[in-house]
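Here is target-v4.cif, consisting of mmCIF, C-alpha atoms:
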```
data_data
loop_
_atom_site.label_atom_id
_atom_site.label_comp_id
_atom_site.auth_asym_id
_atom_site.auth_seq_id
_atom_site.Cartn_x
_atom_site.Cartn_y
_atom_site.Cartn_z
CA TYR P 1 43.98 29.53 -10.62
CA TYR P 2 40.60 30.04 -8.97
CA ILE P 3 37.35 29.15 -10.68
CA GLY P 4 33.87 30.39 -9.81
CA GLN P 5 31.90 28.30 -7.34
CA THR P 6 28.86 28.91 -9.55
CA GLU P 7 28.15 30.13 -13.04
CA VAL P 8 27.98 33.92 -13.37
CA THR P 9 24.52 34.98 -12.23
CA GLN P 10 22.16 37.43 -13.85
CA LYS P 11 22.56 39.63 -10.77
CA LEU P 12 26.33 39.93 -11.25
CA TRP P 13 26.01 40.50 -15.01
CA LYS P 14 23.48 43.30 -14.44
CA ALA P 15 25.63 44.91 -11.72
CA VAL P 16 28.59 45.01 -14.11
CA MET P 17 26.88 45.66 -17.46
CA GLY P 18 23.71 47.51 -16.43
CA TYR P 19 21.31 45.24 -18.32
CA ASN P 20 20.17 41.60 -18.35
CA PRO P 21 19.88 39.83 -21.73
CA SER P 22 18.58 36.55 -20.26
CA LYS P 23 15.34 35.14 -21.64
CA LYS P 24 14.13 33.84 -18.25
CA LYS P 25 14.94 36.61 -15.79
CA CYS P 26 15.85 35.83 -12.19
CA PRO P 27 18.85 37.35 -10.35
CA LYS P 28 19.92 33.97 -8.90
CA ARG P 29 19.87 32.07 -12.19
CA PRO P 30 22.92 31.91 -14.45
CA ILE P 31 23.26 34.58 -17.11
CA GLU P 32 22.38 33.17 -20.52
CA ASN P 33 21.81 34.44 -24.01
CA VAL P 34 25.30 36.00 -24.14
CA SER P 35 27.84 35.54 -26.93
CA TYR P 36 31.52 34.87 -26.41
CA TYR P 37 32.21 38.44 -27.54
CA GLU P 38 29.77 39.85 -24.96
CA VAL P 39 31.47 37.78 -22.28
CA LEU P 40 34.83 39.29 -23.26
CA GLU P 41 33.27 42.76 -22.93
CA PHE P 42 31.89 41.80 -19.48
CA LEU P 43 35.35 40.64 -18.39
CA GLU P 44 36.91 43.92 -19.55
CA VAL P 45 34.38 45.98 -17.56
CA LEU P 46 34.71 43.72 -14.50
CA ASP P 47 38.50 44.08 -14.63
CA SER P 48 38.24 47.87 -14.75
CA LEU P 49 35.89 47.83 -11.73
CA THR P 50 38.01 45.44 -9.63
CA GLY P 51 41.58 46.09 -10.76
CA MET P 52 42.02 42.34 -11.27
CA HIS P 53 42.17 40.22 -14.41
CA PHE P 54 39.23 37.83 -14.63
CA ARG P 55 39.04 35.48 -17.58
CA LEU P 56 37.33 32.40 -18.91
CA PRO P 57 38.88 29.08 -17.93
CA THR P 58 40.71 27.11 -20.56
CA GLU P 59 39.04 23.86 -21.52
CA GLU P 60 41.67 21.97 -19.53
CA GLU P 61 41.19 24.11 -16.41
CA TRP P 62 37.43 23.72 -16.71
CA GLU P 63 37.64 19.91 -16.93
CA PHE P 64 40.17 19.63 -14.08
CA ALA P 65 37.81 21.59 -11.81
CA ALA P 66 34.73 19.68 -13.02
CA ARG P 67 36.43 16.36 -12.26
CA GLY P 68 37.15 17.47 -8.68
CA GLY P 69 40.78 18.48 -9.12
CA ASN P 70 43.25 16.53 -7.01
CA HIS P 71 40.31 15.23 -4.92
CA SER P 72 38.63 13.55 -7.90
CA ARG P 73 36.55 10.45 -7.27
CA HIS P 74 36.37 9.90 -11.05
CA TYR P 75 32.64 10.47 -11.39
CA ILE P 76 30.91 10.51 -14.77
CA TYR P 77 29.30 13.88 -13.95
CA SER P 78 30.75 16.69 -11.88
CA GLY P 79 30.31 15.41 -8.31
CA SER P 80 28.39 12.17 -8.83
CA ASP P 81 27.59 9.22 -11.04
CA LYS P 82 23.90 10.04 -10.44
CA LEU P 83 23.10 12.96 -12.73
CA LYS P 84 19.93 14.17 -10.98
CA ARG P 85 21.96 14.82 -7.80
CA VAL P 86 24.23 17.34 -9.49
CA ALA P 87 22.60 18.66 -12.66
CA TRP P 88 19.68 20.32 -14.39
CA PHE P 89 19.27 18.74 -17.83
CA ASN P 90 16.44 17.87 -20.21
CA GLY P 91 15.38 14.98 -17.96
CA ASN P 92 14.49 17.22 -14.99
CA ALA P 93 14.31 20.86 -16.16
CA ARG P 94 12.45 23.02 -18.68
CA LYS P 95 14.47 26.20 -18.03
CA THR P 96 17.54 27.38 -16.16
CA LYS P 97 17.45 27.00 -12.40
CA LYS P 98 18.96 29.04 -9.56
CA VAL P 99 22.68 28.34 -9.20
CA GLY P 100 23.94 26.07 -6.42
CA LYS P 101 20.70 24.13 -5.88
CA ARG P 102 22.16 20.70 -6.71
CA SER P 103 25.05 18.97 -4.92
CA ALA P 104 28.56 20.37 -5.35
CA ASN P 105 31.52 18.38 -6.63
CA GLU P 106 34.59 17.40 -4.58
CA LEU P 107 35.89 21.00 -4.71
CA GLY P 108 32.61 22.60 -3.63
CA ILE P 109 31.82 23.80 -7.16
CA TYR P 110 28.21 23.74 -8.39
CA ASP P 111 26.51 23.21 -11.74
CA MET P 112 29.50 22.09 -13.79
CA SER P 113 27.20 19.43 -15.20
CA GLY P 114 23.98 20.93 -16.52
CA ASN P 115 22.06 24.19 -16.02
CA VAL P 116 23.89 26.15 -18.77
CA TRP P 117 26.84 25.10 -20.90
CA GLU P 118 29.87 27.31 -20.34
CA TRP P 119 32.16 29.21 -22.70
CA CYS P 120 35.86 28.35 -22.43
CA SER P 121 38.72 30.49 -23.69
CA ASN P 122 39.98 27.93 -26.25
CA ASN P 123 39.18 27.61 -29.90
CA TYR P 124 37.66 24.20 -30.58
CA ARG P 125 40.15 21.60 -31.78
CA TYR P 126 39.87 17.87 -32.28
CA PHE P 127 42.36 15.69 -30.47
CA ASP P 128 42.89 13.74 -33.70
CA LYS P 129 45.38 15.56 -35.97
CA ALA P 130 43.81 14.18 -39.17
CA ARG P 131 40.36 15.51 -38.18
CA ASN P 132 41.90 18.75 -36.95
CA ALA P 133 43.37 19.36 -40.41
CA LYS P 134 39.82 19.28 -41.83
CA LEU P 135 38.28 21.74 -39.35
CA GLY P 136 37.37 24.39 -41.90
CA ASN P 137 35.03 26.90 -40.28
CA ASP P 138 35.20 25.01 -36.99
CA GLY P 139 38.64 26.56 -36.49
CA LYS P 140 36.78 29.74 -35.55
CA MET P 141 34.49 27.96 -33.09
CA MET P 142 34.96 28.21 -29.35
CA CYS P 143 34.84 25.34 -26.84
CA ILE P 144 31.84 24.94 -24.60
CA ARG P 145 31.63 22.52 -21.68
CA GLY P 146 29.19 21.26 -19.08
CA GLY P 147 25.89 20.35 -20.71
CA ALA P 148 22.72 22.33 -20.09
CA TRP P 149 19.08 22.18 -18.98
CA GLN P 150 17.98 21.66 -22.59
CA LEU P 151 20.55 18.95 -23.45
CA PRO P 152 20.50 15.18 -22.80
CA ALA P 153 22.36 13.39 -20.03
CA ASN P 154 25.35 12.43 -22.18
CA ALA P 155 26.14 16.16 -22.73
CA CYS P 156 26.47 16.60 -18.95
CA ARG P 157 29.42 14.21 -18.64
CA VAL P 158 32.64 15.96 -17.58
CA SER P 159 34.28 14.56 -20.71
CA TRP P 160 31.71 16.10 -23.09
CA ARG P 161 33.05 18.77 -25.45
CA GLY P 162 30.99 21.08 -27.58
CA LYS P 163 31.59 23.98 -29.93
CA ARG P 164 29.79 27.18 -30.86
CA MET P 165 30.51 30.14 -33.09
CA PRO P 166 31.65 33.04 -30.88
CA ASP P 167 28.65 35.18 -31.84
CA ALA P 168 26.13 32.45 -30.87
CA LYS P 169 23.62 33.11 -28.09
CA ASN P 170 20.85 30.97 -26.64
CA SER P 171 18.89 30.33 -23.47
CA PHE P 172 21.13 27.47 -22.37
CA GLY P 173 24.62 28.97 -22.67
CA GLY P 174 26.53 30.99 -20.06
CA PHE P 175 29.95 31.05 -18.39
CA ARG P 176 32.01 30.83 -15.22
CA LEU P 177 34.76 33.17 -14.04
CA CYS P 178 38.37 32.22 -13.62
CA LEU P 179 41.08 34.19 -11.82
CA ASP P 180 44.81 33.58 -11.67
CA ALA P 181 46.06 32.95 -8.13
CA LYS P 182 48.44 35.93 -8.27
CA TYR P 183 45.42 38.24 -7.94
CA VAL P 184 44.33 36.75 -4.61
CA LYS P 185 46.13 37.81 -1.46
CA GLU P 186 46.84 35.31 1.30
CA GLY P 187 43.79 34.91 3.55
CA GLU P 188 41.29 36.19 0.94
CA GLU P 189 40.25 32.75 -0.30
#
```

For this file, write the structure as structure tokens.
Amino acid sequence: YYIGQTEVTQKLWKAVMGYNPSKKKCPKRPIENVSYYEVLEFLEVLDSLTGMHFRLPTEEEWEFAARGGNHSRHYIYSGSDKLKRVAWFNGNARKTKKVGKRSANELGIYDMSGNVWEWCSNNYRYFDKARNAKLGNDGKMMCIRGGAWQLPANACRVSWRGKRMPDAKNSFGGFRLCLDAKYVKEGEE
């Protein structure tokens, strides 16, 4: 699979959807204030425009990429053990920032720690079967990963897992595109 080098920007969202729901508008900042359902609608429109099948990454795909894939140096955050090098979080930001302005991780991917948390395609599940059995309404919640400008440092760790109802929207949540390799022709990388 391929995963976006940056979070989806407001510019791309507006080009596909014709409007920008973000609270702090700037074409080079990540889209925010979009629900999981709105992201699915975006993906459907993008697919019809491109003839490809874009999707959200699974939680496992997201974490593999955030950790640097097969080139991982086992950092705490995506690309470094020093958070300020790679992330916008509540210790150095008061709003979203333009994508790609911090250091990339081992795969050349930006902002997987901080800026906006990112929707994943999975429903939230605990890894502990006993806790999973008691999920209740959480069974309808979707996974989010990556921390955000409004969250503390510990939420920016590549191991951090969060959950949100699929209709939730806020100024610190966005997403990243994923594409299966079969849609990319040799030499197009």

Near-segment 87-94 of chain P list (8 Å; only C-alpha atoms; drop same-chain fewer than 5 positions) as a PDB file with C-alpha atoms, in the coordinates of the input:
```
ATOM      1  CA  ARG P 102      22.160  20.700  -6.710  1.00  0.00           C
ATOM      2  CA  ASP P 111      26.510  23.210 -11.740  1.00  0.00           C
ATOM      3  CA  MET P 112      29.500  22.090 -13.790  1.00  0.00           C
ATOM      4  CA  SER P 113      27.200  19.430 -15.200  1.00  0.00           C
ATOM      5  CA  GLY P 114      23.980  20.930 -16.520  1.00  0.00           C
ATOM      6  CA  ASN P 115      22.060  24.190 -16.020  1.00  0.00           C
ATOM      7  CA  GLY P 147      25.890  20.350 -20.710  1.00  0.00           C
ATOM      8  CA  ALA P 148      22.720  22.330 -20.090  1.00  0.00           C
ATOM      9  CA  TRP P 149      19.080  22.180 -18.980  1.00  0.00           C
ATOM     10  CA  GLN P 150      17.980  21.660 -22.590  1.00  0.00           C
ATOM     11  CA  LEU P 151      20.550  18.950 -23.450  1.00  0.00           C
ATOM     12  CA  PRO P 152      20.500  15.180 -22.800  1.00  0.00           C
ATOM     13  CA  ALA P 153      22.360  13.390 -20.030  1.00  0.00           C
ATOM     14  CA  CYS P 156      26.470  16.600 -18.950  1.00  0.00           C
TER      15      CYS P 156
END
```

Can you translate the PyMOL selection byres ((chain P and resi 55-62) around 7) into the concrete residues it hits in this file, as a PyMOL selection string?
chain P and resi 43+53-54+63-66+120-122+143+176-179

Of the residues P:Arg161, P:Lys23, P:Lys14, P:Arg73, which is the one nearest to Trp119 of chain P, using all atoms listed in the file?
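With all atoms listed in the file as the atom set, the closest residue is P:Arg161.
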
Which of these residues is nearest to Ser103 of chain P, using all atoms listed in the file: P:Ile3, P:Val34, P:Leu83, P:Val116?
P:Leu83

So how far away is atom CA of Lys182 of chain P from atom CA of His74 of chain P, in Å?
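Distance between the two atoms: 28.8 Å.
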
Go ahead and compute the interatomic distance for atom CA of Arg67 of chain P and atom CA of Arg145 of chain P, in Å to one decimal.
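So the answer is 12.2 Å.
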
Near-Met142 of chain P list (6 Å; only C-alpha atoms; drop same-chain fewer than 6 positions) as a tab-separated table (two decimals) with C-alpha atoms, in the coordinates of the input:
```tsv
chain	number	residue	atom	x	y	z
P	122	ASN	CA	39.98	27.93	-26.25
P	123	ASN	CA	39.18	27.61	-29.90
P	124	TYR	CA	37.66	24.20	-30.58
P	163	LYS	CA	31.59	23.98	-29.93
P	164	ARG	CA	29.79	27.18	-30.86
```

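Note that the spacing between atom CA of Asn20 of chain P and atom CA of Ser48 of chain P amounts to 19.5 Å.
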
For Glu38 of chain P, find every residue with an atom within 12 Å (counting all atoms listed in the file), except residues of its own chain fewer than 4 positions away, and show them as a list in words.
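Those residues are Trp13, Met17, Asn20, Pro21, Ile31, Glu32, Asn33, Val34, Phe42, Leu43, Glu44, Val45, Trp119, Pro166, Asp167, Ala168, Lys169, Gly174 and Phe175 of chain P.
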
Mind telling me what the PyMOL selection byres ((chain P and resi 9) around 6) catches here, as JSON, numbers by chain?
{"P": [8, 10, 11, 12, 28, 29, 30, 31]}

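Using only C-alpha atoms, the shortest contact distance between Lys97 of chain P and any of P:Lys25, P:Tyr2, P:Tyr183, P:Phe127 is found at P:Lys25.
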
Looking at P:Asn70, P:Ser80, P:Thr6, P:Thr96, which one is nearest to Gly173 of chain P, with distances taken over only C-alpha atoms?
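Of P:Asn70, P:Ser80, P:Thr6, P:Thr96, the one nearest Gly173 of chain P, counting only C-alpha atoms, is P:Thr96.
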
Using all atoms listed in the file, can you list as a PyMOL selection string the residues within 9 Å of (30.7, 8.3, -18.8)?
chain P and resi 75-77+81+154+157-160

Rank P:Glu106, P:Met52, P:Lys95, P:Met165 by their smallest atom-to-atom distance to Lys185 of chain P, using only C-alpha atoms, and report the top residue only.
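The answer is P:Met52, which sits nearest to Lys185 of chain P.
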